[in-house]
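Peer 1: Mind looking over this structure? Questions follow.
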Amino acid sequence: MSGASPPPDNSLAVEQSRIAAEDRRRAEEKAAADAKKQELAGMRTSARSGATGNVDEYFRGRGLDPTKYSSSIEQQLNNILSGISPTDENPGQAFSSAGSTIYDALQSGERVKAQDTLNTMFAPNFETKRVPWTLDDPYLASIEQEQYTDADSIIRNMLDRGVLTSSGYDAAARDLQNQRAGAKTRLNEVGTGLLAGEQQKLRDVANTARQTAGSLQLGQAFDPYTYSSEADQGFTDFLSTLGDQIRAGLPGKLFNTAGLAAIGGAAQGAGNTAYNPKAASGVLGDDETNTGDTTEKNPNSIF
Amino acid sequence: MIGAMLGAITSLVGIGLQAQAQQDQLMFQYAQFNWQKQRAREQDRFAQAGRQDAYGNETYFDQGLNKWMTKLTPMQKDIQQGTEKEQLLQITKDAPAARKIREQVQARSKEAVEPYNRAMLAYQYAQPPSELALRGDLTKLMATNLMARSKADQALLMRGAARLGTGAKAEEIINATDQQLGKDQQDILLKARNQAVQEHAARQQAHEQEYGPQVKLWADIMQQGGNIAGLPQSSLNKDLGTAISNQNEAMQKAFAAGTSGVSSALGGLASAAGKSPDMSGLAKILASIQSGKGKGTSEEDQTFNLGGESSYAQNSPGYGYSDTVF
């Protein structure tokens with residue numbers, strides 16, 4: 001009686017076969033992956049090529065010549081391409097809005113450039129540097145002095161004609177001096193208003209320029225010097241008419257001379273000079289000083 | 001010698017008793033092992049048992065196919081099909097429709113960028129004039145007006161004076177009107193100041209009212225270009241993931257419970273079967289008999305307690321017995 005022989009041990013062959021099958025599977029998978037990679041790379045290249053044409057078309061649609069911006073367009077498209085994942089199954093999607101994106105980027109760049117130029121021209125507080133608060137000082141001093149001299153000549157005439165004595169004149173002159181502070185304040189008020197108005201005009205020019213620069217369209221010309229010239233011209237005009245503008249703002253007399261004769265009279269005491277209302281008002285001409293026709297004048301005249 | 005012989009006999013009797021106890025322990029462990037196996041089988045069976053939910057749907061494990069089966073009631077089947085149909089419609093019809101709307105909203109949102117930019121620029125740079133500039137303008141206007149009126153009055157007075165034969169008073173008239181003009185000038189400066197305050201506030205308010213709503217309007221439209229709430233999305237992966245996870249968890253629990261019971265019972269069985277009676281005491285006694293060196297009673301007595309010192313005592317029936325075992 002012979003026992004059954006054990007089954008042959010072919011486990012090694014089975015294992016080898018399994019490993020070989022596994023290797024084959026891996027090789028097939030790698031080949032498929034490589035092929036897919038190639039396919040996706042081809043799709044990316046194709047999408048990138050097509051994108052140039054699409055972007056050019058977009059620019060032409062906006063009335064622009066794309067060749068003027070070709071360098072920037074190519075650079076932006078390459079940036080988009082470098083950002084696409086090698087495993088992206090739809091690389092064309094990344095370029096779908098490339099036209100508008102590039103247009104917006106270039107337009108934004110133009111705006112920033114224009115605004116930077118304006119910021120140099122119209123630096124912060126440029127208007128107060130161009131039109132400082134002291135710009136009107138010489139004009140104000142001149143007008144004030146001019147008006148003071150006019151008022152002083154009235155009481156000086158009274159002195160010359162004997163209406164006022166020296167002490168009476170001094171009292172009237174003191175009153176005029178006291179009025180100077182108020183006169184200067186009013187002049188300053190008018191001058192400050194005028195300067196502020198000019199500063200506002202300069203600000204308006206700068207702000208208009210900034211609005212234009214901020215809404216600049218790609219391809220639209222922008223000349224910042226137009227605005228700086230406008231500001232310069234406006235300032236020159238303002239400066240040449242500043243004196244007149246101050247006078248226009250203060251058309252009346254800054255000094256009140258109506259009561260000066262009375263003030264002078266009170267200071268000097270009683271005199272022998274006959275009353276002459278013209279002399280009292282301070283407008284008597286030289287030829288009328290001693291005419292002695294006071295009886296012909298109306299002593300109750302309000303003037 | 002007789003004492004030693006008696007000690008050996010007693011020791012042999014002890015060993016016999018010990019072997020009997022070991023046999024009993026082995027049987028006990030074997031019974032426990034069998035019981036645990038039975039229990040594990042029951043647990044597996046229980047784990048794979050069909051279950052019904054509140055709606056009458058039945059879930060069961062098909063041994064032949066080795067997979068879980070779900071048998072829905074007719075109504076539940078209709079509901080499921082209806083739900084799936086709705087899901088399909090949501091994904092194939094509603095979602096594309098919603099996407100189209102979203103694209104339109106996005107396009108509108110993009111269109112709003114330029115008007116928003118212009119409104120913002122106007123808000124920033126089309127500011128109303130400063131209060132001081134307004135005051136200057138008002139002063140100039142009032143002064144011009146005052147001068148014109150004053151000069152008109154002056155001309156009227158001079159004409160009247162000429163008609164009355166007092167033309168010589170012209171100089172007085174001019175001086176008086178200029179004095180009055182200067183006096184009135186003080187008033188217009190004050191008026192201009194007060195009016196400038198009011199006008200500046202009014203212009204500021206008008207500026208806010210003009211550009212504030214514009215900025216907000218365009219910003220709102222731009223904001224709408226983001227995601228749209230409630231856009232239908234497929235929940236298939238989530239549902240499948242939950243079902244697989246639940247099933248896996250139930251099977252893992254059932255197998256773990258069955259395996260641990262059988263494993264511990266098998267461990268106990270192996271431990272019981274692997275032990276032999278302790279004969280070291282008997283060997284010592286026999287050795288002392290052969291060498292003829294008798295030992296005192298007190299020494300022989302010590303060997304009597306061998307059975308009591310054995311670890312088998314711990315496994316004897318009644319030791320450490322617990323109701324929870326059975």
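Chain labels follow the order of the structure tokens: the first chain is A, the next B, and so on; residue numbering restarts at 1 in every chain, and ligands are counted from 1 in their shown order.
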When you get a sec, could you note down which chain B residues fall within 6 Å of chain A, using only C-alpha atoms, as a list in words?

Peer 2: Leu121, Tyr125, Leu132, Ala133, Arg135, Gly136, Lys140, Ala143, Glu172, Asp178, Gln179, Leu181 and Gly182 of chain B

Peer 1: For Ala172 (chain A), which residue among A:Arg156, A:Lys184, A:Lys30, A:Arg111 is the nearest when counting only C-alpha atoms?

Peer 2: A:Arg156

Peer 1: Just want the 10 Å neighbourhood of region 55-61 of chain A, counted on only C-alpha atoms, with same-chain residues fewer than 3 positions away dropped. Output as a PyMOL selection string.

Peer 2: chain A and resi 50-52+64-67+69-70+73-74+77+95-103+218

Peer 1: So that I have them on file, write out the residues from the current selection with N, CA and C atoms, as a PDB file, in the first residue's frame.

Peer 2:
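So again_32.pdb came out as:
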ATOM      1  N   GLY A  50      -4.697  79.178 -28.389  1.00  0.00           N
ATOM      2  CA  GLY A  50      -5.997  79.753 -28.727  1.00  0.00           C
ATOM      3  C   GLY A  50      -6.292  81.015 -27.942  1.00  0.00           C
ATOM      4  N   ALA A  51      -5.734  81.094 -26.748  1.00  0.00           N
ATOM      5  CA  ALA A  51      -6.034  82.235 -25.876  1.00  0.00           C
ATOM      6  C   ALA A  51      -5.535  83.545 -26.477  1.00  0.00           C
ATOM      7  N   THR A  52      -4.385  83.532 -27.138  1.00  0.00           N
ATOM      8  CA  THR A  52      -3.832  84.760 -27.728  1.00  0.00           C
ATOM      9  C   THR A  52      -4.837  85.359 -28.712  1.00  0.00           C
ATOM     10  N   LEU A  64      -9.536  98.583 -29.603  1.00  0.00           N
ATOM     11  CA  LEU A  64      -8.096  98.755 -29.363  1.00  0.00           C
ATOM     12  C   LEU A  64      -7.289  97.894 -30.312  1.00  0.00           C
ATOM     13  N   ASP A  65      -6.078  98.326 -30.572  1.00  0.00           N
ATOM     14  CA  ASP A  65      -5.170  97.541 -31.396  1.00  0.00           C
ATOM     15  C   ASP A  65      -4.361  96.622 -30.476  1.00  0.00           C
ATOM     16  N   PRO A  66      -4.604  95.309 -30.523  1.00  0.00           N
ATOM     17  CA  PRO A  66      -3.932  94.411 -29.569  1.00  0.00           C
ATOM     18  C   PRO A  66      -2.418  94.377 -29.731  1.00  0.00           C
ATOM     19  N   THR A  67      -1.933  94.723 -30.938  1.00  0.00           N
ATOM     20  CA  THR A  67      -0.479  94.660 -31.141  1.00  0.00           C
ATOM     21  C   THR A  67       0.254  95.665 -30.248  1.00  0.00           C
ATOM     22  N   TYR A  69      -0.356  96.151 -27.265  1.00  0.00           N
ATOM     23  CA  TYR A  69      -0.256  95.581 -25.908  1.00  0.00           C
ATOM     24  C   TYR A  69       0.233  94.129 -25.936  1.00  0.00           C
ATOM     25  N   SER A  70       0.775  93.707 -27.102  1.00  0.00           N
ATOM     26  CA  SER A  70       1.078  92.272 -27.275  1.00  0.00           C
ATOM     27  C   SER A  70       2.044  91.756 -26.209  1.00  0.00           C
ATOM     28  N   ILE A  73       0.133  91.286 -23.053  1.00  0.00           N
ATOM     29  CA  ILE A  73      -0.837  90.183 -23.232  1.00  0.00           C
ATOM     30  C   ILE A  73      -0.124  88.836 -23.114  1.00  0.00           C
ATOM     31  N   GLU A  74       1.001  88.713 -23.816  1.00  0.00           N
ATOM     32  CA  GLU A  74       1.749  87.439 -23.784  1.00  0.00           C
ATOM     33  C   GLU A  74       2.200  87.119 -22.353  1.00  0.00           C
ATOM     34  N   LEU A  77      -0.753  86.007 -20.277  1.00  0.00           N
ATOM     35  CA  LEU A  77      -1.211  84.661 -20.670  1.00  0.00           C
ATOM     36  C   LEU A  77      -0.246  83.600 -20.141  1.00  0.00           C
ATOM     37  N   PHE A  95      -8.399  80.159 -19.363  1.00  0.00           N
ATOM     38  CA  PHE A  95      -8.210  81.272 -20.307  1.00  0.00           C
ATOM     39  C   PHE A  95      -9.542  81.886 -20.743  1.00  0.00           C
ATOM     40  N   SER A  96     -10.639  81.346 -20.226  1.00  0.00           N
ATOM     41  CA  SER A  96     -11.952  81.770 -20.747  1.00  0.00           C
ATOM     42  C   SER A  96     -12.198  83.263 -20.556  1.00  0.00           C
ATOM     43  N   SER A  97     -11.723  83.802 -19.443  1.00  0.00           N
ATOM     44  CA  SER A  97     -11.955  85.240 -19.231  1.00  0.00           C
ATOM     45  C   SER A  97     -10.643  86.021 -19.285  1.00  0.00           C
ATOM     46  N   ALA A  98      -9.674  85.460 -20.010  1.00  0.00           N
ATOM     47  CA  ALA A  98      -8.345  86.100 -20.059  1.00  0.00           C
ATOM     48  C   ALA A  98      -8.431  87.491 -20.682  1.00  0.00           C
ATOM     49  N   GLY A  99      -9.283  87.639 -21.722  1.00  0.00           N
ATOM     50  CA  GLY A  99      -9.386  88.932 -22.404  1.00  0.00           C
ATOM     51  C   GLY A  99      -9.752  90.049 -21.444  1.00  0.00           C
ATOM     52  N   SER A 100     -10.850  89.833 -20.728  1.00  0.00           N
ATOM     53  CA  SER A 100     -11.302  90.896 -19.810  1.00  0.00           C
ATOM     54  C   SER A 100     -10.336  91.065 -18.644  1.00  0.00           C
ATOM     55  N   THR A 101      -9.764  89.941 -18.202  1.00  0.00           N
ATOM     56  CA  THR A 101      -8.824  90.041 -17.078  1.00  0.00           C
ATOM     57  C   THR A 101      -7.605  90.875 -17.460  1.00  0.00           C
ATOM     58  N   ILE A 102      -7.067  90.591 -18.636  1.00  0.00           N
ATOM     59  CA  ILE A 102      -5.874  91.325 -19.082  1.00  0.00           C
ATOM     60  C   ILE A 102      -6.228  92.791 -19.358  1.00  0.00           C
ATOM     61  N   TYR A 103      -7.388  92.988 -19.981  1.00  0.00           N
ATOM     62  CA  TYR A 103      -7.834  94.362 -20.248  1.00  0.00           C
ATOM     63  C   TYR A 103      -7.939  95.137 -18.928  1.00  0.00           C
ATOM     64  N   LEU A 218      -8.650 102.177 -21.022  1.00  0.00           N
ATOM     65  CA  LEU A 218      -7.427 101.747 -21.705  1.00  0.00           C
ATOM     66  C   LEU A 218      -7.443 102.293 -23.133  1.00  0.00           C
TER      67      LEU A 218
END

Peer 1: Which residues are near region 85-94 of chain A? Cut-off 8 Å, only C-alpha atoms, ignore same chain within fewer than 3 positions. Put them as a CSV table (one decimal) with C-alpha atoms, in the first residue's frame.

Peer 2:
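The result, written out as result.csv:
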chain,number,residue,atom,x,y,z
A,37,LYS,CA,-0.1,63.6,-19.0
A,40,LEU,CA,-3.2,67.2,-20.8
A,41,ALA,CA,0.0,68.9,-21.7
A,43,MET,CA,-4.5,70.5,-24.2
A,44,ARG,CA,-2.7,73.2,-22.2
A,47,ALA,CA,-5.5,76.3,-24.9
A,48,ARG,CA,-2.6,78.7,-24.5
A,80,ILE,CA,-2.1,82.2,-16.4
A,81,LEU,CA,-0.6,79.1,-18.1
A,97,SER,CA,-12.0,85.2,-19.2
A,98,ALA,CA,-8.3,86.1,-20.1

Peer 1: Tell me which of B:Ser263, B:Gln48, B:Lys100, B:Ala192 sits closest to Asn66 (chain B), counting only C-alpha atoms.

Peer 2: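 With only C-alpha atoms as the atom set, the closest residue is B:Gln48.
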
Peer 1: Which residue is closest to Thr134 (chain A)? Choose from A:Thr45, A:Asn188, A:Asp175, A:Pro224 and count only C-alpha atoms.

Peer 2: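 Ranked by minimum distance to Thr134 (chain A), first place goes to A:Asn188.
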
Peer 1: Could you tell me how far CA of Val113 (chain B) sits from CA of Trp218 (chain B), in Å to one decimal place?

Peer 2: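 Between CA of Trp218 (chain B) and CA of Val113 (chain B) the gap works out to 7.3 Å.
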